[in-house]
file entry-v6.txt (compact mmCIF, C-alpha atoms)
# COMPACT_ATOMS: atom_id res chain seq x y z
CA MET A 28 0.00 0.00 0.00
CA GLY A 29 2.23 2.74 1.27
CA ILE A 30 5.90 3.42 1.03
CA GLU A 31 6.66 0.62 3.56
CA SER A 32 5.72 -2.14 1.12
CA TYR A 33 8.42 -1.06 -1.35
CA LEU A 34 11.21 -0.92 1.20
CA PRO A 35 12.83 -3.86 2.98
CA GLU A 36 12.19 -4.31 6.68
CA GLY A 37 14.24 -2.12 8.99
CA SER A 38 14.86 0.55 6.35
CA ILE A 39 15.73 4.13 7.24
CA LEU A 40 14.74 7.25 5.28
CA THR A 41 16.71 10.44 5.77
CA THR A 42 15.10 13.85 5.36
CA THR A 43 15.15 17.27 6.93
CA LEU A 44 12.77 18.32 9.67
CA GLU A 45 11.51 21.15 7.50
CA LYS A 46 10.55 18.80 4.71
CA LEU A 47 8.91 16.31 7.03
CA VAL A 48 6.84 18.97 8.77
CA GLY A 49 5.99 20.57 5.43
CA TRP A 50 4.85 17.22 4.06
CA GLY A 51 2.62 16.70 7.07
CA ARG A 52 1.12 20.18 6.90
CA LYS A 53 0.59 19.93 3.16
CA ASN A 54 -1.60 16.87 3.42
CA SER A 55 -3.79 17.98 6.30
CA VAL A 56 -4.89 21.52 5.54
CA TRP A 57 -8.18 21.77 7.43
CA PRO A 58 -10.40 24.64 6.31
CA CYS A 59 -12.62 26.70 8.58
CA THR A 60 -16.38 26.40 7.93
CA PHE A 61 -16.95 29.95 6.88
CA GLY A 62 -19.12 31.31 4.09
CA LEU A 63 -20.16 34.91 3.43
CA ALA A 64 -22.03 34.79 0.11
CA CYS A 65 -22.65 32.72 -3.03
CA CYS A 66 -19.01 31.57 -3.23
CA ALA A 67 -19.80 29.47 -0.15
CA ILE A 68 -22.16 27.34 -2.28
CA GLU A 69 -19.28 26.62 -4.63
CA MET A 70 -17.08 25.84 -1.63
CA MET A 71 -19.68 23.33 -0.42
CA ALA A 72 -19.82 21.79 -3.90
CA THR A 73 -16.04 21.37 -3.73
CA SER A 74 -16.36 19.41 -0.52
CA LEU A 75 -18.99 17.03 -1.94
CA ALA A 76 -18.39 13.73 -3.72
CA HIS A 77 -18.13 14.98 -7.30
CA TYR A 78 -15.12 17.26 -6.78
CA ASP A 79 -14.14 15.67 -3.46
CA ILE A 80 -11.76 17.94 -1.58
CA ALA A 81 -10.89 14.84 0.52
CA ARG A 82 -8.43 13.84 -2.23
CA PHE A 83 -6.25 16.66 -0.94
CA GLY A 84 -6.67 15.88 2.76
CA SER A 85 -8.91 18.91 3.35
CA GLU A 86 -12.30 17.27 3.79
CA VAL A 87 -12.63 18.15 7.47
CA PHE A 88 -14.33 21.53 7.55
CA ARG A 89 -13.90 22.57 11.16
CA PRO A 90 -16.63 24.59 12.88
CA SER A 91 -14.06 26.00 15.30
CA PRO A 92 -11.21 28.28 14.19
CA ARG A 93 -9.04 26.71 16.91
CA GLN A 94 -8.91 23.44 14.98
CA SER A 95 -8.41 24.75 11.45
CA ASP A 96 -5.43 25.82 9.35
CA LEU A 97 -7.03 27.42 6.32
CA MET A 98 -9.51 30.25 6.09
CA ILE A 99 -11.44 30.38 2.82
CA VAL A 100 -13.03 33.84 2.69
CA ALA A 101 -15.88 32.81 0.40
CA GLY A 102 -17.84 35.88 -0.58
CA THR A 103 -18.51 39.56 -0.07
CA LEU A 104 -17.02 40.99 3.10
CA THR A 105 -19.14 43.84 4.41
CA LYS A 106 -17.62 46.46 6.66
CA LYS A 107 -19.95 45.49 9.46
CA MET A 108 -18.75 41.87 9.22
CA SER A 109 -15.04 42.73 9.09
CA PRO A 110 -14.35 42.77 12.87
CA MET A 111 -15.74 39.24 13.16
CA VAL A 112 -13.63 37.97 10.26
CA LYS A 113 -10.53 39.52 11.78
CA ARG A 114 -11.33 37.93 15.13
CA ILE A 115 -11.81 34.49 13.55
CA TYR A 116 -8.48 34.87 11.74
CA GLU A 117 -6.78 35.76 15.01
CA GLN A 118 -8.34 32.74 16.69
CA ILE A 119 -6.89 30.30 14.15
CA SER A 120 -3.67 28.88 15.58
CA ASP A 121 -0.47 28.96 13.53
CA PRO A 122 0.36 27.76 10.93
CA LYS A 123 -2.54 29.36 9.05
CA TRP A 124 -3.30 30.31 5.47
CA VAL A 125 -5.95 32.42 3.79
CA ILE A 126 -7.60 32.06 0.39
CA ALA A 127 -9.51 35.12 -0.87
CA MET A 128 -12.13 33.26 -2.90
CA GLY A 129 -13.86 35.12 -5.73
CA ALA A 130 -13.84 38.67 -7.03
CA CYS A 131 -15.58 40.18 -3.97
CA ALA A 132 -13.08 38.85 -1.46
CA SER A 133 -10.13 39.72 -3.71
CA CYS A 134 -11.03 43.33 -4.56
CA GLY A 135 -14.67 44.09 -3.74
CA GLY A 136 -15.89 42.80 -7.10
CA VAL A 137 -19.02 44.43 -8.46
CA PHE A 138 -19.79 46.00 -5.08
CA GLN A 139 -18.12 49.40 -5.34
CA SER A 140 -20.09 50.42 -2.33
CA TYR A 141 -19.89 52.15 1.03
CA ALA A 142 -20.88 48.95 2.79
CA VAL A 143 -18.33 46.53 1.29
CA VAL A 144 -14.62 46.13 2.09
CA GLN A 145 -12.70 46.48 -1.19
CA GLY A 146 -10.63 43.32 -0.73
CA VAL A 147 -10.09 41.26 2.42
CA ASP A 148 -6.35 42.00 2.29
CA GLN A 149 -7.24 45.28 3.99
CA VAL A 150 -8.34 43.29 7.01
CA ILE A 151 -6.25 40.07 7.08
CA PRO A 152 -3.14 38.86 5.17
CA VAL A 153 -4.00 36.78 2.09
CA ASP A 154 -1.91 33.94 0.61
CA VAL A 155 -3.82 33.06 -2.56
CA TYR A 156 -6.22 35.24 -4.56
CA LEU A 157 -8.73 33.20 -6.52
CA PRO A 158 -10.53 35.07 -9.33
CA GLY A 159 -14.01 34.22 -10.64
CA CYS A 160 -17.59 35.13 -9.84
CA PRO A 161 -18.00 32.62 -8.36
CA PRO A 162 -14.93 30.45 -9.11
CA ARG A 163 -15.67 26.88 -10.14
CA PRO A 164 -14.73 24.06 -7.73
CA GLU A 165 -11.73 23.25 -9.94
CA GLY A 166 -10.56 26.80 -9.26
CA LEU A 167 -10.81 26.34 -5.50
CA LEU A 168 -8.92 23.06 -5.77
CA ALA A 169 -6.21 24.84 -7.77
CA ALA A 170 -5.98 27.47 -5.04
CA LEU A 171 -5.77 24.73 -2.43
CA MET A 172 -2.92 23.12 -4.36
CA LYS A 173 -1.11 26.48 -4.34
CA ILE A 174 -1.50 26.54 -0.55
CA GLN A 175 -0.16 22.98 -0.39
CA GLU A 176 2.82 24.03 -2.50
CA LYS A 177 3.48 26.90 -0.13
CA ALA A 178 3.10 24.73 2.96
CA ALA A 179 5.45 22.04 1.63
CA ASN A 180 8.22 24.39 0.57
CA GLU A 181 8.01 26.90 3.39
CA LYS A 182 11.25 27.47 5.34
CA PHE A 183 10.89 27.71 9.11
CA ARG A 184 12.60 31.08 9.15
CA ASP A 185 9.99 32.49 6.75
CA ARG A 186 7.08 31.57 8.95
CA PRO A 187 5.67 34.48 10.98
CA ASP A 188 4.94 32.23 13.97
CA ILE A 189 8.52 31.01 14.44
CA ILE A 190 10.61 32.95 16.98
CA ARG A 191 13.98 33.70 15.32
CA GLU A 192 17.29 33.82 17.16
CA GLU A 193 18.05 37.36 16.05
CA ASP A 194 14.64 38.51 17.32
CA VAL A 195 15.42 37.08 20.75
CA ARG A 196 18.82 38.80 20.80
CA LYS A 197 17.24 42.10 19.80
CA TYR A 198 14.63 41.74 22.53
CA ILE A 199 17.30 41.00 25.14
CA GLU A 200 19.44 43.94 24.02
CA GLN A 201 16.54 46.38 23.98
CA ARG A 202 15.42 45.58 27.51
CA ASN A 203 18.90 45.10 29.01
CA ILE A 204 18.05 41.67 30.28
CA LYS A 205 20.99 39.90 31.92
CA ILE A 206 21.21 36.15 31.54
CA ALA A 207 22.89 34.20 34.32
CA GLY A 208 25.81 31.97 33.33
CA MET B 29 -62.70 41.58 -2.42
CA ALA B 30 -63.65 45.21 -2.38
CA LYS B 31 -62.80 47.47 -5.27
CA ALA B 32 -60.23 50.22 -4.87
CA LYS B 33 -62.86 52.93 -5.31
CA ASP B 34 -64.97 51.48 -2.49
CA ILE B 35 -62.01 51.36 -0.13
CA ILE B 36 -61.13 54.99 -0.85
CA LYS B 37 -64.78 55.98 -0.35
CA LEU B 38 -64.97 54.20 2.99
CA ILE B 39 -61.88 56.00 4.29
CA GLN B 40 -63.02 59.35 2.89
CA LYS B 41 -66.38 58.99 4.58
CA LYS B 42 -64.84 58.73 8.05
CA HIS B 43 -61.59 60.72 7.70
CA LYS B 44 -62.28 63.30 5.03
CA LYS B 45 -60.19 65.99 6.77
CA SER B 46 -57.16 63.74 7.30
CA ILE B 47 -56.72 62.84 3.66
CA ILE B 48 -54.34 64.89 1.52
CA GLU B 49 -54.97 62.99 -1.70
CA ALA B 50 -56.37 59.65 -2.85
CA GLU B 51 -55.99 57.85 -6.15
CA GLU B 52 -56.22 54.45 -7.77
CA PHE B 53 -53.26 52.83 -9.48
CA ARG B 54 -53.65 49.53 -11.36
CA GLY B 55 -56.49 48.41 -9.13
CA ASP B 56 -54.80 49.35 -5.85
CA PRO B 57 -55.93 52.32 -3.77
CA ILE B 58 -53.29 54.84 -2.71
CA VAL B 59 -54.24 57.17 0.13
CA LYS B 60 -52.05 59.94 1.50
CA VAL B 61 -52.90 61.19 4.97
CA LYS B 62 -51.63 63.90 7.29
CA LYS B 63 -48.84 62.83 9.64
CA GLU B 64 -50.73 63.94 12.75
CA LYS B 65 -53.72 61.78 11.85
CA LEU B 66 -51.72 58.69 10.88
CA LEU B 67 -52.38 56.63 14.02
CA GLU B 68 -56.06 57.54 14.00
CA VAL B 69 -56.47 56.41 10.38
CA CYS B 70 -54.44 53.22 10.96
CA GLU B 71 -56.63 52.24 13.89
CA PHE B 72 -59.71 52.79 11.76
CA LEU B 73 -58.21 50.65 8.97
CA VAL B 74 -57.73 47.74 11.38
CA LYS B 75 -61.05 47.99 13.23
CA GLU B 76 -63.48 48.72 10.38
CA LYS B 77 -64.96 45.33 9.46
CA LYS B 78 -65.25 46.04 5.76
CA LEU B 79 -61.56 46.95 5.58
CA LYS B 80 -59.81 44.93 8.33
CA PHE B 81 -56.21 45.53 7.21
CA ASP B 82 -54.55 43.04 9.55
CA LEU B 83 -51.14 42.73 7.89
CA LEU B 84 -48.47 45.37 7.44
CA VAL B 85 -46.21 44.15 4.65
CA ASP B 86 -43.60 46.88 4.57
CA VAL B 87 -42.74 50.38 5.70
CA THR B 88 -40.43 52.41 3.53
CA ALA B 89 -39.80 55.98 2.43
CA VAL B 90 -39.17 58.02 -0.69
CA ASP B 91 -36.76 60.94 -0.71
CA PHE B 92 -37.59 63.97 -2.86
CA LEU B 93 -34.67 66.34 -2.56
CA PRO B 94 -35.20 69.22 -0.07
CA GLU B 95 -34.70 71.85 -2.79
CA LYS B 96 -37.43 70.25 -4.87
CA ARG B 97 -40.10 69.56 -2.28
CA THR B 98 -41.04 70.35 1.28
CA PRO B 99 -41.75 68.16 3.23
CA ARG B 100 -38.85 66.11 1.99
CA PHE B 101 -39.95 62.50 2.57
CA ASP B 102 -42.91 60.35 1.66
CA LEU B 103 -43.48 57.41 3.97
CA VAL B 104 -45.12 54.38 2.39
CA TYR B 105 -47.04 51.73 4.31
CA ILE B 106 -48.20 48.69 2.36
CA LEU B 107 -51.21 47.04 3.97
CA VAL B 108 -53.00 43.80 3.19
CA SER B 109 -56.24 42.36 4.51
CA ILE B 110 -55.94 38.59 4.60
CA ASP B 111 -59.64 38.01 5.30
CA ASN B 112 -60.97 40.43 2.67
CA ASP B 113 -58.15 39.91 0.16
CA HIS B 114 -57.50 43.52 -0.70
CA ARG B 115 -54.61 45.89 -0.26
CA LEU B 116 -53.92 49.55 0.40
CA ILE B 117 -50.91 51.77 -0.04
CA LEU B 118 -50.98 54.30 2.74
CA LYS B 119 -48.71 57.32 2.49
CA THR B 120 -47.78 60.21 4.69
CA GLU B 121 -45.36 63.11 4.50
CA ALA B 122 -42.50 64.08 6.80
CA ASP B 123 -39.75 66.65 6.64
CA GLU B 124 -36.14 66.16 7.64
CA GLY B 125 -35.77 66.00 11.42
CA GLU B 126 -39.49 65.54 12.02
CA LYS B 127 -40.68 62.64 14.09
CA VAL B 128 -43.29 60.25 12.73
CA PRO B 129 -45.56 58.24 15.05
CA SER B 130 -44.67 54.56 15.09
CA VAL B 131 -47.37 52.07 14.12
CA TYR B 132 -45.69 49.34 16.17
CA ASN B 133 -48.56 49.24 18.65
CA ILE B 134 -51.03 48.53 15.84
CA TRP B 135 -48.97 46.12 13.72
CA LYS B 136 -46.07 44.38 15.48
CA SER B 137 -44.48 43.72 12.08
CA ALA B 138 -43.59 47.43 11.88
CA ASN B 139 -40.64 46.84 14.19
CA PHE B 140 -37.90 45.95 11.69
CA PRO B 141 -39.16 47.92 8.65
CA GLU B 142 -39.27 51.09 10.76
CA ARG B 143 -35.75 50.40 12.00
CA GLU B 144 -34.61 49.98 8.41
CA THR B 145 -36.30 53.21 7.36
CA TYR B 146 -34.61 55.00 10.24
CA ASP B 147 -31.28 53.48 9.23
CA MET B 148 -31.53 54.33 5.56
CA PHE B 149 -33.34 57.70 5.63
CA GLY B 150 -32.82 59.06 9.14
CA ILE B 151 -36.52 59.38 9.88
CA GLU B 152 -37.21 58.89 13.56
CA PHE B 153 -40.27 57.03 14.75
CA GLU B 154 -41.88 58.16 17.96
CA GLY B 155 -42.95 55.32 20.24
CA HIS B 156 -40.83 52.66 18.59
CA PRO B 157 -39.63 50.16 21.24
CA ASP B 158 -36.06 49.72 19.95
CA LEU B 159 -35.01 52.31 17.39
CA ARG B 160 -31.46 51.29 16.50
CA ARG B 161 -29.70 51.03 13.15
CA LEU B 162 -30.52 47.75 11.44
CA LEU B 163 -28.16 47.31 8.46
CA MET B 164 -25.33 49.78 9.03
CA TRP B 165 -23.22 49.60 12.15
CA PRO B 166 -23.99 51.77 15.18
CA GLY B 167 -22.11 55.04 14.90
CA TYR B 168 -22.34 55.30 11.10
CA GLU B 169 -22.87 58.96 10.26
CA HIS B 170 -24.77 58.97 6.97
CA TYR B 171 -28.15 57.81 5.65
CA PRO B 172 -27.40 55.80 2.49
CA LEU B 173 -30.79 55.83 0.72
CA ARG B 174 -31.14 59.61 0.76
CA LYS B 175 -30.90 61.14 -2.69
CA ASP B 176 -27.98 63.42 -1.75
CA PHE B 177 -25.87 60.42 -0.67
CA PRO B 178 -23.34 59.52 -3.41
CA THR B 179 -23.93 56.12 -5.07
CA LYS B 180 -20.61 54.67 -3.94
CA GLY B 181 -20.61 56.43 -0.59
CA TYR B 182 -18.11 58.91 0.77
CA ASP B 183 -15.21 56.66 1.66
CA PHE B 184 -15.54 53.39 -0.23
CA ASP B 185 -12.11 53.69 -1.84
CA GLU B 186 -10.20 54.41 1.35
CA LYS B 187 -8.37 51.69 3.22
CA TRP B 188 -10.68 50.06 5.71
CA ASP B 189 -9.66 49.39 9.28
CA PRO B 190 -12.09 47.11 11.18
CA GLU B 191 -10.76 48.37 14.52
CA GLN B 192 -12.72 51.61 14.16
CA ILE B 193 -16.09 49.86 14.44
CA LYS B 194 -14.98 46.82 16.44
CA ASP B 195 -16.24 47.99 19.83
CA ASN B 196 -19.56 49.09 18.38
CA VAL B 197 -20.26 45.90 16.43
CA LEU B 198 -18.98 43.15 18.71
CA LYS B 199 -21.10 44.48 21.56
CA TYR B 200 -24.21 42.98 19.95
call {"tool": "encode", "arguments": {"input": "entry-v6.txt", "output": "structure tokens"}}
result
Amino acid sequence: MGIESYLPEGSILTTTLEKLVGWGRKNSVWPCTFGLACCAIEMMATSLAHYDIARFGSEVFRPSPRQSDLMIVAGTLTKKMSPMVKRIYEQISDPKWVIAMGACASCGGVFQSYAVVQGVDQVIPVDVYLPGCPPRPEGLLAALMKIQEKAANEKFRDRPDIIREEDVRKYIEQRNIKIAG
Amino acid sequence: MAKAKDIIKLIQKKHKKSIIEAEEFRGDPIVKVKKEKLLEVCEFLVKEKKLKFDLLVDVTAVDFLPEKRTPRFDLVYILVSIDNDHRLILKTEADEGEKVPSVYNIWKSANFPERETYDMFGIEFEGHPDLRRLLMWPGYEHYPLRKDFPTKGYDFDEKWDPEQIKDNVLKY
């Protein structure tokens, strides 16, 4: 079945930690159940049997942001809704990614209006912009594969959630903290 | 099902002095009454057995610009009688800053439509139990459905920061 059947017993594979972690993250990107407008219908279609997002390891739509890695902003983001979206993004634990699905989420779309945020990147950082009105499920899967690519090839030092050595040194220097020993 | 002419006649018979104008449009009666007499007329519309308007479908307003007409707004109440199967479009006039009596105590369904009208036109309803903005966030300064409001709004192109309305919105 898996890789173990092709290798003799007692085999050892060598890899780097970065690659191993990236491989794990790539194949278990869990999206947040989160729909704002008609794009959400297309997102649901993607999760159903015909397009089957489970092929990519993303079938578990989590109702809690604490358990998810990916936020698909599917639809028009109104200004009144924007504090909630920002809060949900902040509640997702790292590592996290964001897809701006459809024209509305990417740039406001047809709604050049006082009530609509002209692109969710004004509110939260976006990894992949997905055009279309609404995008077809194939489009969402393509965006998901872009996220997978990013997750697999990401270096630890590029991740915003990793504490870097130089940051720690800077912090210590700024506050004049003395370390014993 | 009473004809539009009969409905207008019935109202005219009882409230001749309250009516500003009355006409028929495609089989539906349209009656415009004075703002001060609105509650009185509404109560009559509910209680009169031949009319019995027991359902308020919608409350909305029309803005004629202040330089073109005083009073500025027309308020529109769409009424239906389920038992008698006829409808009535009741109108009244209000100027900017004037208070209009709320019909909440006659039809409970006036609650949200009146809130929406307040939100979009800035017309205040006297006696409404919970007159807050419905669609826009609390603290929004403008009234979007007024004719002098620009189509895209004043600040749609500026960068949006959700922090500025966070405290107002997350409270609810």
call {"tool": "interface_residues", "arguments": {"input": "entry-v6.txt", "of": "chain B", "to": "chain A", "cutoff": "8 Å", "atoms": "only C-alpha atoms", "output": "ChimeraX atom specification"}}
result
/B:164-165,179-185,187-191,193-194,197-198
call {"tool": "residues_around", "arguments": {"input": "entry-v6.txt", "residues": "segment 42-56 of chain A", "least_positions_apart": "5", "cutoff": "6 Å", "atoms": "all atoms listed in the file", "output": "number ranges by chain"}}
result
A: 84-85, 96, 175, 178-179
call {"tool": "closest_residue", "arguments": {"input": "entry-v6.txt", "among": "B:Arg100, B:Asp82, B:Phe53, B:Val59", "to": "Ile36 of chain B", "atoms": "only C-alpha atoms"}}
result
B:Val59
call {"tool": "atom_distance", "arguments": {"input": "entry-v6.txt", "atom1": "atom CA of Lys177 of chain A", "atom2": "atom CA of Ala81 of chain A"}}
result
18.8 Å
call {"tool": "residues_around", "arguments": {"input": "entry-v6.txt", "residues": "segment 151-158 of chain B", "least_positions_apart": "2", "cutoff": "10 Å", "atoms": "only C-alpha atoms", "output": "JSON, numbers by chain"}}
result
{"B": [89, 101, 103, 122, 123, 124, 125, 126, 127, 128, 129, 130, 131, 132, 133, 138, 139, 140, 142, 143, 144, 145, 146, 147, 148, 149, 160, 161, 171]}
call {"tool": "atom_distance", "arguments": {"input": "entry-v6.txt", "atom1": "atom CA of Arg115 of chain B", "atom2": "atom CA of Ala32 of chain B"}}
result
8.5 Å
call {"tool": "atom_distance", "arguments": {"input": "entry-v6.txt", "atom1": "atom CA of Glu64 of chain B", "atom2": "atom CA of Glu121 of chain B"}}
result
9.9 Å
